[in-house]
Amino acid sequence: MKYSFLPRVIWKTFAGSFEKQLFIVADEEPVGIMKKAYKEYRRILQSVPEFDRSDSFLVNLLSAAMLASVYLQIEQKPSLEKVTAFYHRSMTESPLMRLFLKKNHRYDVRAQAKVAWQAKQSQLRTNPYTWRFRYKEGITLNTYTTYFETCGICYLFKQLGIEEIIPAMCSYDYDMARMEGSVFTREHTLAEGGSCCDCHYEKQDKDRRPEK
């Protein structure tokens, strides 16, 4: 993959929050880690085939490459719990990420038609670093399910020999859903040996009181 506009944007967008949160996972000097991680990030992307222009999952892969590049620079590897906290805080702290999730709309005819189209397109792709999935509409527009049959994060992290931190990224789906006003549930994941990741989305009821 060429180190073009989008890979640069993703790095510049999140590098600051990653550096700020590095204390969670490393005792080493943050600036030094990020400098080495930047070189690793570019190296990782060199082995990734170009994504189709219509493939919306490139950002997911770039985020995974960024986490991987930082993790690989840490000499004393942290626990999964620490990596999870580090990644979640680094992503959520970004103002751009919060703005994107706030403006993301899933529950209208146009949005779900787009998801259905993306699902059909994904079945035609052979790039192992991307995602293939199926879409199932819900009873109403306020709910739907996607079934992911392949996962670019799983493939990338297995290639890099760091499968142990895949769940750190998987669990961020719950955070993103909550921030965009969705209730997210899942029973199976590819990372845990399931046949798919069954991702169910339901529009959050603003009038619903939180359980005690």
# chains A, B, ... in the order shown; residues from 1 in each chain; ligands from 1

$ residues_around --residues "A:Met66" --least-positions-apart "6" --cutoff "8 Å" --atoms "only C-alpha atoms" --output "compact mmCIF listing (two decimals) with C-alpha atoms, in the first residue's frame"
# COMPACT_ATOMS: atom_id res chain seq x y z
CA TRP A 11 -1.45 8.93 11.89
CA ALA A 37 6.26 3.41 15.84
CA TYR A 41 3.53 1.92 10.77

$ closest_atom_pairs --of "stretch 145-173 of chain A" --to "stretch 79-99 of chain A" --cutoff "12 Å" --atoms "only C-alpha atoms" --output "CSV"
residue,atom,partner,partner_atom,distance
A:Ile162,CA,A:Leu80,CA,11.0
A:Glu163,CA,A:Leu80,CA,10.7
A:Glu164,CA,A:Leu80,CA,7.3
A:Ile165,CA,A:Leu80,CA,6.0
A:Ile166,CA,A:Leu80,CA,9.0
A:Pro167,CA,A:Thr84,CA,7.7
A:Ala168,CA,A:Thr84,CA,4.3
A:Met169,CA,A:Thr84,CA,7.2
A:Cys170,CA,A:Thr84,CA,9.4
A:Ser171,CA,A:Thr84,CA,7.9
A:Tyr172,CA,A:His88,CA,6.3
A:Asp173,CA,A:His88,CA,9.9

$ write_last_selection --atoms "N, CA and C atoms" --output "PDB file, in the first residue's frame"
ATOM      1  N   ILE A 162       0.992 -10.953  16.834  1.00  0.00           N
ATOM      2  CA  ILE A 162       0.497 -10.280  18.049  1.00  0.00           C
ATOM      3  C   ILE A 162      -1.015 -10.540  18.227  1.00  0.00           C
ATOM      4  N   GLU A 163      -1.416 -11.776  17.996  1.00  0.00           N
ATOM      5  CA  GLU A 163      -2.839 -12.120  18.119  1.00  0.00           C
ATOM      6  C   GLU A 163      -3.396 -11.831  19.505  1.00  0.00           C
ATOM      7  N   GLU A 164      -2.523 -11.796  20.498  1.00  0.00           N
ATOM      8  CA  GLU A 164      -2.986 -11.633  21.878  1.00  0.00           C
ATOM      9  C   GLU A 164      -3.700 -10.312  22.131  1.00  0.00           C
ATOM     10  N   ILE A 165      -3.501  -9.316  21.266  1.00  0.00           N
ATOM     11  CA  ILE A 165      -4.149  -8.021  21.516  1.00  0.00           C
ATOM     12  C   ILE A 165      -5.336  -7.758  20.582  1.00  0.00           C
ATOM     13  N   ILE A 166      -5.739  -8.739  19.805  1.00  0.00           N
ATOM     14  CA  ILE A 166      -6.916  -8.557  18.940  1.00  0.00           C
ATOM     15  C   ILE A 166      -8.144  -8.130  19.744  1.00  0.00           C
ATOM     16  N   PRO A 167      -8.422  -8.758  20.904  1.00  0.00           N
ATOM     17  CA  PRO A 167      -9.619  -8.365  21.665  1.00  0.00           C
ATOM     18  C   PRO A 167      -9.639  -6.899  22.087  1.00  0.00           C
ATOM     19  N   ALA A 168      -8.480  -6.264  22.177  1.00  0.00           N
ATOM     20  CA  ALA A 168      -8.442  -4.844  22.549  1.00  0.00           C
ATOM     21  C   ALA A 168      -9.167  -3.996  21.526  1.00  0.00           C
ATOM     22  N   MET A 169      -9.061  -4.387  20.261  1.00  0.00           N
ATOM     23  CA  MET A 169      -9.759  -3.653  19.211  1.00  0.00           C
ATOM     24  C   MET A 169     -11.195  -4.130  19.067  1.00  0.00           C
ATOM     25  N   CYS A 170     -11.424  -5.415  19.234  1.00  0.00           N
ATOM     26  CA  CYS A 170     -12.794  -5.947  19.131  1.00  0.00           C
ATOM     27  C   CYS A 170     -13.728  -5.242  20.113  1.00  0.00           C
ATOM     28  N   SER A 171     -13.263  -5.047  21.329  1.00  0.00           N
ATOM     29  CA  SER A 171     -14.118  -4.489  22.369  1.00  0.00           C
ATOM     30  C   SER A 171     -14.432  -3.016  22.148  1.00  0.00           C
ATOM     31  N   TYR A 172     -13.666  -2.355  21.284  1.00  0.00           N
ATOM     32  CA  TYR A 172     -13.938  -0.938  21.028  1.00  0.00           C
ATOM     33  C   TYR A 172     -15.250  -0.740  20.266  1.00  0.00           C
ATOM     34  N   ASP A 173     -15.755  -1.800  19.654  1.00  0.00           N
ATOM     35  CA  ASP A 173     -17.051  -1.715  18.982  1.00  0.00           C
ATOM     36  C   ASP A 173     -18.142  -1.267  19.943  1.00  0.00           C
TER      37      ASP A 173
END

$ residues_around --residues "A:Val109" --least-positions-apart "5" --cutoff "12 Å" --atoms "only C-alpha atoms" --output "ChimeraX atom specification"
/A:114-116,137-138,140-144

$ atom_distance --atom1 "atom CA of A:Leu124" --atom2 "atom CA of A:Thr189"
21.8 Å

$ closest_residue --among "A:Phe57, A:Tyr129, A:Tyr135, A:Tyr71" --to "A:Ala26" --atoms "only C-alpha atoms"
A:Tyr71

$ closest_residue --among "A:Thr126, A:Gln21, A:Thr146, A:Thr13" --to "A:Leu62" --atoms "only C-alpha atoms"
A:Thr13
